[in-house]
Every structure is written in C-alpha cells, then in structure tokens.
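Data first, discussion second: the structure below is written as structure tokens.
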Amino acid sequence: MAIVTLVDESRQWFKARVGVGVAETPRDVAFCAHAIMGTDVFEVPDAALDLRFAKNPLVTGEPHLRFYASVPLICSDACAIGTLAVLDDRPHKLSDSARDVLKALGRQVVALLETRREEPTDVQAVISAADREFEASRRRFRTIFDESPHGMALLSTDGYFERVNETLCTLLGRGEGELIGCSLDEFGRPETVSAMAARYGSLLADEFDAFESDEQLLRPDGEIVHAAVHLAPIRGEDSAIDSILMQVRDVSDSRALEVQVRQLQKLESIGQLAAGVAHDFNNLLTVIQVQASTIVYDHAGDESVTEMVVPITNAAERAADLTRQLLLFGGRQSMAASDFDVALLVEELLCMLRRIVPEKVDLVFEPADRKLPVYADAGMIEQVVTNLVVNAQDAMPNGGRLTVSVRFVEVDTDAAARHAEAEPGPYACVEVRDQGVGISPDDLQRVFEPFFTTKEVGEGSGLGLSTAFGILKDHDGWLDIESALGDGTVARAFLPLRASTSENGYSNAEHFDVQGALSGVVLLVEDEESVRRLTASIMRGAGLEVFEANSGPAALEIWEQEHGRIDLLLTDMVMPSGMSGAALAQRLRADRDDLSVVVFSGYSTEGPVPGIDAFVQKPFGRARLLQVLQSALATRASE
C-alpha cells in the first residue's frame, strides 16, 4: 500500500492512495501529523503497539495497518505540506536501501506538486523534470549499491546473480563476469547448501519480510569466508517479489575472535581445575616428603635406609615440580627462580619426552661440552623445551630426525643488536631442529602471535610458541625460529648465563641444620588431617608443644583458652569455613602483636605476606619445616 498524504488544521486526507479505502482520518491520531514535524524518514514498525496510533481508523479497521513509514513533502519555501508513505498490514522495519529509495520518491512527488502548482503549460517540461528526478534517483541507487563497503547483489527469484558490486567480487574472489548468471548455491559449503536454499525458499514464500543468516562461503582457492548474509525482497507494482537484494558482510575476523574467547574460557576452566588438582596433590606429596625425611633423620648413618629413601624423596621432588607447572598453568604460581645446569635439565627432560615422541621420529640429543649454569624457573624452561619438541614432532607426520642440542654461545654486540631482548654476553642455547614440512615466509612472521597456528583445526591452540616466547623474555632471553617450506625448522632458545645466588627464600631443599631441641607452644591449623598429624608429630618430636585445629573457627576456640601460652601460629593459607590463614593471622595478631606467624600452602606467593614472618611451600620436608620454625621463634624472642 502507498499513499500521498496532505494535512490541514483538523484532518489528514489523501491526495493519492493505493490499497486504502478510507479518504481521511482525524489529525490527532494521524501518522502524517507526526511525520511532517521532522525532515527524515518517519517509521512506525508496529502501529498496534504504538499508543499514538493504536486508535487510528486505518489501524482499528480495514486495512488493519501495522507498519508505516513516510518522508515529509517539503516545498521550496520550507513548508511541509504532507507526506509520501508506504504501509503494510504486517509489522517490520525498513532496510537502509529502502529508506534511500523512499526519500528519492518523496523528492519526485514534491517536484511534481510544485510543477502542478505553477500550472505549467508545457506538459513535456513536466515529463522531463520527472525523468530527470527519476534518473537522479537511479544514479543515487547505483552509487549506494556500487560503493557500499559490504558486498551487494541483486538475485533473481530462482537464486541467480543479476548484478553485483566490486566489494562482493573481492569477497568471493571472482570477477563480475564470473558471478553474473551463477547460482548462489555454488558459493556455499556442500553441507550447508540445502539449508541456504530452504531459507531462500521461505523468503520467496513470504514467510519472512527479510532474513539474515551466518553462512560459510567458498572462494576458488578453497578458503572459507564467514559472512553475515542479509536477504530482502524487492516487490513490483502488484506487490509480487521481482528480485532479492542481498547484502554480505565479512565477519571472519569477529568469528575468529569468538573462537579465541572460547579458547581462553576453556583454558581458564582447565587452569582452575589444574590448580585445584595440584593443590590437593601437594598435600599428598607433603605426607611423602615428611615421612621420607623423618625416616632419614631417624636412621641417620644407616646407608641402607638412605639408599631406599633417597629415590622416594627424588620422585617426590620431581612430582612437586610437575604440580608447580600445573599451578603455573592455572595462574596460581609465580616464577620460582633457582640456580641449575640447563644442559642437565634438558637431558633429564628428554628421558621423559622419549616416551611421548612417536616411534617414527628419531629423537637425538647432542649434549653440551660444559656446564651451563642459569638462574631461572626450571619448570618454565621445561615447558619451553617441551613445546618446541612437540611442535617439531608434529611437523613430521611421516617421521624423521628430531635433534635437540645444548651449547654455549657468546653473543657479541652486533648479534645482540639484532634482537630487542638481547644483551651482549654468554648464553646457553637450546636448539630443536626437525626435518618437517617447514613454515612459509608469511606464516613465519606470525608464529609468536597468540592463537596463530599452522596446524589443522582442533590440532593446536596456537599458544605454544607465544608462551615459550613470553617465558624466555621474562628470563632476559629470546627465541629464534628459522624455517623454509619443505626444508624443516630450527628453533633456538637463548638463556643468559650468570652466576647468582638464589633470591628465593622458599626453597624446599633439605640442607638446613636445626641445632638442638626447639621450645615453645604452636597452634597448628590445617584442614588436611594426614598433613596436620605428621606436621604435629615432627614438631612434638623436636620439643614443641602443639595444639591442633582443622579450621579457622576451631583455632579461635583454642586461642580463647590458650592465647596466653601460644608462641607461634602455623597455618595453611587456604582453608574451608570462610576464614583464610591470612585472615586468621590478622585476627590473632590483633590480640597479641608479638605472636609469631608462619603460613604454608600448596600454592605460592608473589612475595612476603604482610604480618607474616615466614612462608613454607608445600610439599616440604622435616628439616625445612623445623628450620623455618626455629628462625621464626628466635626472631620473636630477640625482639
């Protein structure tokens, strides 16, 4: 339905109308009375739900209008005399292209009305003016169509391209001549073509006023373009659908971002799970460490016992390193640097990695000819080497030689200038070399980008090299990648060699010597019963009096009765009942500021905790625990 509407003081009446039986309506409920107050398109998506027009005779009676859109008819003297409107008995919204067409038609109506008002005697002049306005409207449409930043096309009712713009040609990777006359189905993935055809059929059947869907369109090179496709019908004078206007927006980047967000959410969930598992596992390792170190202490001098127990303590320390890596992955572990020989670390790590490398891959180790001492987080460096080895084996689906070497490198000023992270000096270089498929020059420039991967979908997260790069950068090192298609890849990790004394006061090494028996009263708070009992047993064996509690509230009950006697609080950092170890310590220190406080945890800390004298990292052994307690008690006694 379409109308040309004029208004006077009390009514709205129709200069021309198609499909509307009423000749006029009261002004107070008239659409036109509102439309002429502006200068742009006035749109009412659903008149039945709009209180301004719900009582309009055209809404309450025939033709039961639901949708209304119009442009004001503004004469050359700036006077608004009425509107040009389109109406429908179904609610919907105008597309951007339809709004442009409506405004162009409005200008034509104004031109004709002003020509009529001037009472021209030259009919041909009137026709010429209308033709010029129509041609101007066509030019505007062509400009909108051709210059649109989105792909645009006119499709026949049977789904063939009749007209396309340059943006769509670029998006689909084909020229205009290749697209005209082709079916839309030819550009969909085979598994989605039937669904696309069904949606197209629904649009032609008038089941929808317009339709937008996410499609995966194919380019000639096989690349998939994720696109938002909007389809809207174009109707002729009899309201039948003549053709379909298609708009295509490339949303590949936003879809890739969504995948990255989902990947991050998945990694966050896995990290939380890993951190929880590591925390509980550290409690079990604490029992093993404490029991093993106690056996060694109780049987000092008995070499046969030591020989049996040392493998247990070594295995427990190795397991503790693994849990620390889980905590690092879960974001619950700070970097714990220590002095170690990176050549020995890589050699021991490869013994484990041989079990996961496929038999068709020949893993070769070339050891260094000297010790390569570094000050770094051993778990993080293991993660770097593991990532490089896994990438190398994945690059050789048919097998091949995978070589890992460690060597000393002296980086001079010229070499350091080629790397922003480098400083001249001695370095340890861990090199991983494969005989795989290699990396293209374009991809090589992006290998350190998070989530970028050359692997197939589902075979890699794209975080391996970016994580390795970040870890080495945090250690004042860097990562180099050399590769060429068909010629394998060489990855080199550089770590500075420097003699330094460990600054980490939370080492678990069992080299502490506790002199004599300890004395004092300790309040031990630990929710894990096995850890609590063993810890209490060690302290009692060392001469300390111990009160045990399994939670913060239970500790407060003991404190109320015995706070005058308690010299030291030893508490787990993370506990149930809504009270952490830090909160408990703060509460007790409020009563007695001379109370010694030591906390332990399966997680790590970023540094000293305010109000706490010492921190013990789980798992710990007997000597480590007693050394910390002795130091804390002695410090308070001297104050």
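The chains in the structure tokens are called A, B, ... from first to last as shown; in each chain the residues are counted from 1, and the ligands are counted from 1 in the order shown.
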
For this session: Going by DSSP on the backbone, which bits of range 71-221 of chain A are strand (DSSP E or B)? Write them as JSON, numbers by chain, please.
Result: {"A": [71, 72, 73, 74, 80, 81, 82, 83, 84, 85, 86, 87, 88, 151, 152, 153, 154, 155, 160, 161, 162, 163, 164, 183, 188, 211, 212, 213, 214, 215, 216, 217, 218]}

Dump of C-alpha atoms for the selected residues, as a short mmCIF file (atom, residue, chain, number, x, y, z; two decimals), in the first residue's frame:
```cif
data_model
loop_
_atom_site.label_atom_id
_atom_site.label_comp_id
_atom_site.auth_asym_id
_atom_site.auth_seq_id
_atom_site.Cartn_x
_atom_site.Cartn_y
_atom_site.Cartn_z
CA VAL A 71 9.02 11.12 4.27
CA PRO A 72 7.73 14.68 4.65
CA LEU A 73 6.87 16.60 1.49
CA ILE A 74 8.73 19.89 1.97
CA ALA A 80 5.80 20.82 4.97
CA ILE A 81 2.51 20.09 3.22
CA GLY A 82 2.17 16.34 3.71
CA THR A 83 3.94 13.02 3.33
CA LEU A 84 4.69 10.19 0.95
CA ALA A 85 4.07 6.97 2.86
CA VAL A 86 4.28 3.20 2.47
CA LEU A 87 2.09 0.95 4.61
CA ASP A 88 1.75 -2.74 5.36
CA GLY A 151 29.02 -6.99 -0.71
CA MET A 152 25.80 -6.23 -2.61
CA ALA A 153 23.92 -8.27 -5.20
CA LEU A 154 20.56 -8.44 -6.93
CA LEU A 155 19.35 -12.03 -7.22
CA TYR A 160 20.94 -16.39 -9.75
CA PHE A 161 23.16 -13.29 -9.62
CA GLU A 162 21.84 -10.48 -11.84
CA ARG A 163 24.02 -7.65 -10.54
CA VAL A 164 26.97 -7.49 -8.12
CA SER A 183 23.63 -19.61 -8.64
CA GLY A 188 28.05 -22.33 -0.18
CA PHE A 211 16.25 -12.74 6.54
CA GLU A 212 19.81 -12.67 7.91
CA SER A 213 21.92 -15.75 8.50
CA ASP A 214 25.52 -16.73 9.06
CA GLU A 215 26.94 -18.53 6.04
CA GLN A 216 30.27 -20.08 5.12
CA LEU A 217 31.02 -19.03 1.55
CA LEU A 218 33.69 -20.68 -0.59
#
```

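Nearest to Val290 in chain A of all the residues A:Val389, A:Ala48, A:Ala197, A:Leu625 is A:Leu625, counting only C-alpha atoms.
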
Residues within 7 Å of Val342 in chain A, only C-alpha atoms, excluding chain neighbours under 2 positions, as a PDB file with all heavy atoms, in the first residue's frame:
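Ended up saving to selection_16.pdb:
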```pdb
ATOM      1  N   PHE A 340      70.597 -23.693  38.340  1.00  0.00           N
ATOM      2  CA  PHE A 340      70.682 -25.080  37.882  1.00  0.00           C
ATOM      3  C   PHE A 340      71.427 -25.124  36.558  1.00  0.00           C
ATOM      4  O   PHE A 340      71.614 -24.096  35.882  1.00  0.00           O
ATOM      5  CB  PHE A 340      69.300 -25.716  37.753  1.00  0.00           C
ATOM      6  CG  PHE A 340      68.394 -25.051  36.746  1.00  0.00           C
ATOM      7  CD1 PHE A 340      68.371 -25.456  35.417  1.00  0.00           C
ATOM      8  CD2 PHE A 340      67.554 -24.014  37.125  1.00  0.00           C
ATOM      9  CE1 PHE A 340      67.539 -24.845  34.499  1.00  0.00           C
ATOM     10  CE2 PHE A 340      66.726 -23.393  36.209  1.00  0.00           C
ATOM     11  CZ  PHE A 340      66.715 -23.808  34.889  1.00  0.00           C
ATOM     12  N   LEU A 344      71.896 -30.181  31.944  1.00  0.00           N
ATOM     13  CA  LEU A 344      71.447 -31.368  32.661  1.00  0.00           C
ATOM     14  C   LEU A 344      69.919 -31.433  32.684  1.00  0.00           C
ATOM     15  O   LEU A 344      69.333 -32.513  32.541  1.00  0.00           O
ATOM     16  CB  LEU A 344      72.006 -31.347  34.096  1.00  0.00           C
ATOM     17  CG  LEU A 344      71.625 -32.535  34.986  1.00  0.00           C
ATOM     18  CD1 LEU A 344      72.126 -33.842  34.379  1.00  0.00           C
ATOM     19  CD2 LEU A 344      72.191 -32.342  36.392  1.00  0.00           C
ATOM     20  N   LEU A 345      69.255 -30.281  32.861  1.00  0.00           N
ATOM     21  CA  LEU A 345      67.792 -30.260  32.879  1.00  0.00           C
ATOM     22  C   LEU A 345      67.219 -30.769  31.560  1.00  0.00           C
ATOM     23  O   LEU A 345      66.292 -31.579  31.542  1.00  0.00           O
ATOM     24  CB  LEU A 345      67.298 -28.842  33.158  1.00  0.00           C
ATOM     25  CG  LEU A 345      65.779 -28.623  33.133  1.00  0.00           C
ATOM     26  CD1 LEU A 345      65.343 -27.685  34.251  1.00  0.00           C
ATOM     27  CD2 LEU A 345      65.309 -28.062  31.794  1.00  0.00           C
ATOM     28  N   VAL A 346      67.787 -30.323  30.435  1.00  0.00           N
ATOM     29  CA  VAL A 346      67.276 -30.757  29.131  1.00  0.00           C
ATOM     30  C   VAL A 346      67.514 -32.244  28.932  1.00  0.00           C
ATOM     31  O   VAL A 346      66.646 -32.971  28.424  1.00  0.00           O
ATOM     32  CB  VAL A 346      67.938 -29.939  28.000  1.00  0.00           C
ATOM     33  CG1 VAL A 346      67.556 -30.495  26.629  1.00  0.00           C
ATOM     34  CG2 VAL A 346      67.528 -28.477  28.102  1.00  0.00           C
ATOM     35  N   LEU A 372      76.273 -25.460  31.975  1.00  0.00           N
ATOM     36  CA  LEU A 372      75.660 -24.195  31.561  1.00  0.00           C
ATOM     37  C   LEU A 372      74.737 -23.712  32.675  1.00  0.00           C
ATOM     38  O   LEU A 372      73.525 -23.901  32.639  1.00  0.00           O
ATOM     39  CB  LEU A 372      74.884 -24.377  30.253  1.00  0.00           C
ATOM     40  CG  LEU A 372      75.717 -24.801  29.046  1.00  0.00           C
ATOM     41  CD1 LEU A 372      74.818 -25.127  27.863  1.00  0.00           C
ATOM     42  CD2 LEU A 372      76.710 -23.713  28.670  1.00  0.00           C
ATOM     43  N   PRO A 373      75.318 -23.094  33.717  1.00  0.00           N
ATOM     44  CA  PRO A 373      74.502 -22.651  34.857  1.00  0.00           C
ATOM     45  C   PRO A 373      73.650 -21.440  34.497  1.00  0.00           C
ATOM     46  O   PRO A 373      74.137 -20.468  33.917  1.00  0.00           O
ATOM     47  CB  PRO A 373      75.539 -22.310  35.927  1.00  0.00           C
ATOM     48  CG  PRO A 373      76.756 -21.929  35.146  1.00  0.00           C
ATOM     49  CD  PRO A 373      76.748 -22.785  33.913  1.00  0.00           C
ATOM     50  N   VAL A 374      72.368 -21.487  34.846  1.00  0.00           N
ATOM     51  CA  VAL A 374      71.457 -20.368  34.632  1.00  0.00           C
ATOM     52  C   VAL A 374      70.680 -20.133  35.916  1.00  0.00           C
ATOM     53  O   VAL A 374      70.596 -21.012  36.786  1.00  0.00           O
ATOM     54  CB  VAL A 374      70.472 -20.638  33.469  1.00  0.00           C
ATOM     55  CG1 VAL A 374      71.211 -20.820  32.166  1.00  0.00           C
ATOM     56  CG2 VAL A 374      69.592 -21.840  33.762  1.00  0.00           C
TER      57      VAL A 374
END
```

For this session: Write out as number ranges by chain each polymer residue whose atoms come within 7 Å of range 405-416 of chain A, counting only C-alpha atoms; drop sequence neighbours fewer than 2 positions from it.
Result: A: 343, 365-368, 403, 418-419, 422-432

Okay, now the selection with all heavy atoms, as a CSV table (one decimal), in the first residue's frame?
```csv
chain,number,residue,atom,x,y,z
A,343,ALA,N,71.8,-27.6,30.8
A,343,ALA,CA,72.2,-28.8,30.0
A,343,ALA,C,71.7,-30.1,30.6
A,343,ALA,O,71.2,-31.0,30.0
A,343,ALA,CB,73.7,-28.8,29.8
A,365,PHE,N,69.8,-36.5,21.0
A,365,PHE,CA,70.3,-35.4,21.9
A,365,PHE,C,71.8,-35.2,21.7
A,365,PHE,O,72.6,-36.1,21.8
A,365,PHE,CB,70.0,-35.8,23.4
A,365,PHE,CG,70.5,-34.8,24.4
A,365,PHE,CD1,70.1,-33.5,24.3
A,365,PHE,CD2,71.4,-35.2,25.3
A,365,PHE,CE1,70.6,-32.5,25.2
A,365,PHE,CE2,71.9,-34.2,26.3
A,365,PHE,CZ,71.5,-32.9,26.2
A,366,GLU,N,72.2,-33.9,21.6
A,366,GLU,CA,73.6,-33.5,21.5
A,366,GLU,C,73.9,-32.7,22.7
A,366,GLU,O,73.5,-31.5,22.8
A,366,GLU,CB,73.8,-32.7,20.2
A,366,GLU,CG,73.5,-33.5,18.9
A,366,GLU,CD,73.7,-32.7,17.7
A,366,GLU,OE1,73.8,-31.4,17.8
A,366,GLU,OE2,73.6,-33.3,16.5
A,367,PRO,N,74.6,-33.3,23.7
A,367,PRO,CA,74.8,-32.6,25.0
A,367,PRO,C,75.9,-31.5,24.8
A,367,PRO,O,76.7,-31.5,23.9
A,367,PRO,CB,75.3,-33.7,25.9
A,367,PRO,CG,75.9,-34.7,24.9
A,367,PRO,CD,75.1,-34.7,23.7
A,368,ALA,N,75.9,-30.6,25.8
A,368,ALA,CA,76.9,-29.6,25.8
A,368,ALA,C,78.2,-30.1,26.3
A,368,ALA,O,78.3,-31.2,27.0
A,368,ALA,CB,76.4,-28.5,26.7
A,403,THR,N,66.4,-33.4,16.4
A,403,THR,CA,67.6,-33.2,17.1
A,403,THR,C,67.5,-32.1,18.1
A,403,THR,O,67.1,-31.0,17.8
A,403,THR,CB,68.8,-32.9,16.2
A,403,THR,OG1,68.9,-33.9,15.2
A,403,THR,CG2,70.1,-32.8,16.9
A,418,ARG,N,70.6,-7.3,16.9
A,418,ARG,CA,69.5,-7.9,16.0
A,418,ARG,C,68.3,-8.4,16.8
A,418,ARG,O,67.3,-8.8,16.3
A,418,ARG,CB,70.1,-9.0,15.2
A,418,ARG,CG,71.1,-8.6,14.1
A,418,ARG,CD,71.4,-9.7,13.1
A,418,ARG,NE,72.1,-10.8,13.8
A,418,ARG,CZ,73.4,-10.9,13.8
A,418,ARG,NH1,74.2,-10.0,13.3
A,418,ARG,NH2,74.0,-12.0,14.4
A,419,HIS,N,68.4,-8.3,18.1
A,419,HIS,CA,67.3,-8.8,19.0
A,419,HIS,C,67.1,-7.7,20.1
A,419,HIS,O,68.0,-7.4,20.8
A,419,HIS,CB,67.7,-10.1,19.6
A,419,HIS,CG,67.9,-11.2,18.7
A,419,HIS,ND1,66.9,-11.9,18.0
A,419,HIS,CD2,69.1,-11.7,18.2
A,419,HIS,CE1,67.4,-12.8,17.2
A,419,HIS,NE2,68.8,-12.7,17.3
A,422,ALA,N,68.0,-8.9,23.6
A,422,ALA,CA,69.4,-9.4,23.9
A,422,ALA,C,70.3,-8.3,24.4
A,422,ALA,O,70.2,-7.1,24.1
A,422,ALA,CB,69.9,-10.0,22.6
A,423,GLU,N,71.3,-8.8,25.2
A,423,GLU,CA,72.4,-8.0,25.7
A,423,GLU,C,73.6,-8.8,25.4
A,423,GLU,O,73.6,-10.1,25.5
A,423,GLU,CB,72.3,-7.7,27.2
A,423,GLU,CG,71.1,-6.8,27.6
A,423,GLU,CD,71.4,-5.4,27.2
A,423,GLU,OE1,72.5,-5.0,26.9
A,423,GLU,OE2,70.4,-4.6,27.2
A,424,PRO,N,74.8,-8.2,25.1
A,424,PRO,CA,76.0,-9.0,24.8
A,424,PRO,C,76.4,-9.8,26.0
A,424,PRO,O,76.2,-9.3,27.2
A,424,PRO,CB,77.0,-7.9,24.5
A,424,PRO,CG,76.2,-6.7,24.1
A,424,PRO,CD,74.9,-6.8,24.9
A,425,GLY,N,77.0,-11.0,25.8
A,425,GLY,CA,77.4,-11.8,26.9
A,425,GLY,C,77.2,-13.2,26.7
A,425,GLY,O,76.8,-13.7,25.6
A,426,PRO,N,77.5,-14.1,27.7
A,426,PRO,CA,77.4,-15.5,27.5
A,426,PRO,C,76.0,-16.0,27.6
A,426,PRO,O,75.3,-15.6,28.5
A,426,PRO,CB,78.3,-16.1,28.6
A,426,PRO,CG,78.2,-15.0,29.7
A,426,PRO,CD,78.1,-13.7,29.0
A,427,TYR,N,75.6,-17.0,26.8
A,427,TYR,CA,74.3,-17.5,26.8
A,427,TYR,C,74.3,-19.1,26.7
A,427,TYR,O,75.3,-19.6,26.1
A,427,TYR,CB,73.4,-17.0,25.7
A,427,TYR,CG,73.0,-15.6,25.9
A,427,TYR,CD1,73.8,-14.5,25.6
A,427,TYR,CD2,71.7,-15.3,26.4
A,427,TYR,CE1,73.4,-13.2,25.8
A,427,TYR,CE2,71.3,-14.0,26.6
A,427,TYR,CZ,72.2,-12.9,26.3
A,427,TYR,OH,71.7,-11.6,26.5
A,428,ALA,N,73.3,-19.7,27.2
A,428,ALA,CA,73.0,-21.1,26.9
A,428,ALA,C,72.0,-21.1,25.8
A,428,ALA,O,71.0,-20.4,25.8
A,428,ALA,CB,72.5,-21.8,28.1
A,429,CYS,N,72.3,-22.0,24.8
A,429,CYS,CA,71.4,-22.1,23.6
A,429,CYS,C,70.8,-23.5,23.5
A,429,CYS,O,71.6,-24.5,23.4
A,429,CYS,CB,72.1,-21.7,22.3
A,429,CYS,SG,71.1,-22.0,20.8
A,430,VAL,N,69.5,-23.6,23.6
A,430,VAL,CA,68.8,-24.9,23.4
A,430,VAL,C,68.2,-24.9,22.0
A,430,VAL,O,67.4,-24.1,21.7
A,430,VAL,CB,67.7,-25.2,24.5
A,430,VAL,CG1,67.1,-26.5,24.3
A,430,VAL,CG2,68.3,-25.0,25.9
A,431,GLU,N,68.7,-25.8,21.2
A,431,GLU,CA,68.3,-25.8,19.8
A,431,GLU,C,67.5,-27.1,19.5
A,431,GLU,O,67.9,-28.2,19.8
A,431,GLU,CB,69.5,-25.8,18.8
A,431,GLU,CG,69.2,-25.8,17.4
A,431,GLU,CD,70.4,-25.7,16.5
A,431,GLU,OE1,70.9,-24.6,16.3
A,431,GLU,OE2,70.9,-26.8,16.0
A,432,VAL,N,66.3,-26.9,18.8
A,432,VAL,CA,65.5,-28.0,18.4
A,432,VAL,C,65.3,-27.9,16.9
A,432,VAL,O,64.8,-27.0,16.4
A,432,VAL,CB,64.1,-27.9,19.1
A,432,VAL,CG1,63.2,-29.1,18.7
A,432,VAL,CG2,64.2,-27.9,20.6
```

Determine, using only C-alpha atoms, which residues of range 393-433 of chain A have any atom at most 9 Å from an atom of range 350-361 of chain A, and tabulate each with its shortest atom pair and distance in Å to one decimal place, rows ordered by chain and then rising number, as CSV.
```
residue,atom,partner,partner_atom,distance
A:Gln393,CA,A:Val361,CA,6.9
A:Met396,CA,A:Val361,CA,7.7
A:Pro397,CA,A:Lys360,CA,8.8
A:Asn398,CA,A:Lys360,CA,7.3
A:Gly399,CA,A:Lys360,CA,4.7
A:Gly400,CA,A:Val361,CA,5.1
A:Arg401,CA,A:Val361,CA,5.9
A:Leu402,CA,A:Val361,CA,6.6
A:Val404,CA,A:Leu350,CA,8.7
```

Selection to disk with N, CA, C and O atoms, as a short mmCIF file (atom, residue, chain, number, x, y, z; two decimals), in the first residue's frame:
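For reference, again_28.cif as written:
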```
data_model
loop_
_atom_site.label_atom_id
_atom_site.label_comp_id
_atom_site.auth_asym_id
_atom_site.auth_seq_id
_atom_site.Cartn_x
_atom_site.Cartn_y
_atom_site.Cartn_z
N GLN A 393 57.88 -32.52 16.43
CA GLN A 393 57.37 -33.85 16.06
C GLN A 393 56.09 -33.74 15.24
O GLN A 393 55.87 -34.51 14.31
N MET A 396 56.47 -33.37 11.50
CA MET A 396 56.96 -34.53 10.75
C MET A 396 55.94 -35.67 10.81
O MET A 396 56.15 -36.68 11.50
N PRO A 397 54.80 -35.52 10.14
CA PRO A 397 53.76 -36.56 10.20
C PRO A 397 54.23 -37.92 9.67
O PRO A 397 53.70 -38.95 10.05
N ASN A 398 55.24 -37.91 8.80
CA ASN A 398 55.76 -39.16 8.24
C ASN A 398 57.06 -39.60 8.91
O ASN A 398 57.73 -40.52 8.43
N GLY A 399 57.40 -38.94 10.00
CA GLY A 399 58.61 -39.30 10.72
C GLY A 399 59.81 -38.52 10.24
O GLY A 399 59.77 -37.75 9.28
N GLY A 400 60.95 -38.74 10.93
CA GLY A 400 62.18 -38.05 10.57
C GLY A 400 63.08 -37.90 11.79
O GLY A 400 62.83 -38.46 12.86
N ARG A 401 64.10 -37.12 11.64
CA ARG A 401 65.09 -36.92 12.69
C ARG A 401 64.79 -35.62 13.44
O ARG A 401 64.66 -34.56 12.83
N LEU A 402 64.70 -35.71 14.76
CA LEU A 402 64.45 -34.56 15.62
C LEU A 402 65.66 -34.44 16.55
O LEU A 402 65.91 -35.32 17.37
N VAL A 404 67.88 -32.37 19.39
CA VAL A 404 67.91 -31.37 20.46
C VAL A 404 69.35 -31.24 20.93
O VAL A 404 69.97 -32.24 21.32
#
```

For this session: Tell me, as a ChimeraX atom specification, which residues lie within 12 Å of Ala98 in chain A, counting only C-alpha atoms; anything in the same chain fewer than 5 positions away does not count.
Result: /A:41,43,69-71,86,93,103-105,141,144-145,232-235,245

Problem set entry | alpha helix (DSSP H) residues, from DSSP on the backbone, in range 68-101 of chain A, as a count of residues only | 6

Can you list, as a compact mmCIF listing (two decimals) with all heavy atoms, in the first residue's frame, every protein, DNA or RNA residue that comes within 7 Å of Trp478 in chain A when you count only C-alpha atoms, leaving out same-chain residues fewer than 5 positions away?
```txt
# COMPACT_ATOMS: atom_id res chain seq x y z
N GLU A 421 65.54 -8.06 22.77
CA GLU A 421 65.63 -8.61 24.12
C GLU A 421 67.06 -8.92 24.55
O GLU A 421 67.30 -9.26 25.70
CB GLU A 421 64.78 -9.90 24.22
CG GLU A 421 63.31 -9.73 23.91
CD GLU A 421 63.04 -9.80 22.41
OE1 GLU A 421 63.99 -10.09 21.66
OE2 GLU A 421 61.89 -9.54 22.00
N PHE A 469 57.89 -17.87 23.95
CA PHE A 469 58.47 -16.55 23.73
C PHE A 469 58.35 -15.69 24.99
O PHE A 469 59.31 -15.03 25.40
CB PHE A 469 57.75 -15.88 22.55
CG PHE A 469 58.24 -14.50 22.23
CD1 PHE A 469 59.31 -14.31 21.36
CD2 PHE A 469 57.64 -13.38 22.80
CE1 PHE A 469 59.76 -13.03 21.07
CE2 PHE A 469 58.10 -12.11 22.52
CZ PHE A 469 59.16 -11.92 21.65
N LEU A 472 60.75 -16.94 27.88
CA LEU A 472 62.15 -16.57 27.66
C LEU A 472 62.37 -15.07 27.82
O LEU A 472 63.40 -14.64 28.36
CB LEU A 472 62.58 -17.03 26.26
CG LEU A 472 62.68 -18.55 26.09
CD1 LEU A 472 62.86 -18.92 24.63
CD2 LEU A 472 63.84 -19.11 26.92
N LYS A 473 61.40 -14.28 27.38
CA LYS A 473 61.53 -12.84 27.56
C LYS A 473 61.57 -12.47 29.03
O LYS A 473 62.33 -11.59 29.45
CB LYS A 473 60.37 -12.13 26.86
CG LYS A 473 60.48 -10.61 26.86
CD LYS A 473 59.36 -9.98 26.05
CE LYS A 473 59.50 -8.46 26.03
NZ LYS A 473 58.40 -7.83 25.24
N ALA A 493 66.38 -21.42 21.62
CA ALA A 493 66.03 -20.70 22.84
C ALA A 493 67.31 -20.26 23.54
O ALA A 493 68.20 -21.09 23.79
CB ALA A 493 65.20 -21.58 23.76
N PHE A 494 67.41 -18.97 23.85
CA PHE A 494 68.61 -18.41 24.47
C PHE A 494 68.31 -17.99 25.91
O PHE A 494 67.34 -17.28 26.17
CB PHE A 494 69.12 -17.20 23.68
CG PHE A 494 69.65 -17.55 22.31
CD1 PHE A 494 68.80 -17.64 21.22
CD2 PHE A 494 71.01 -17.80 22.12
CE1 PHE A 494 69.27 -17.96 19.96
CE2 PHE A 494 71.50 -18.11 20.86
CZ PHE A 494 70.64 -18.20 19.77
```

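CA of Leu113 in chain A is positioned 17.5 Å from CA of Ser137 in chain A.
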
For this session: Would you mind listing what lies within 6 Å of range 559-571 of chain A as a PyMOL selection string, with only C-alpha atoms counted and same-chain residues fewer than 4 positions away left out?
Result: chain A and resi 521-525+581+595-599
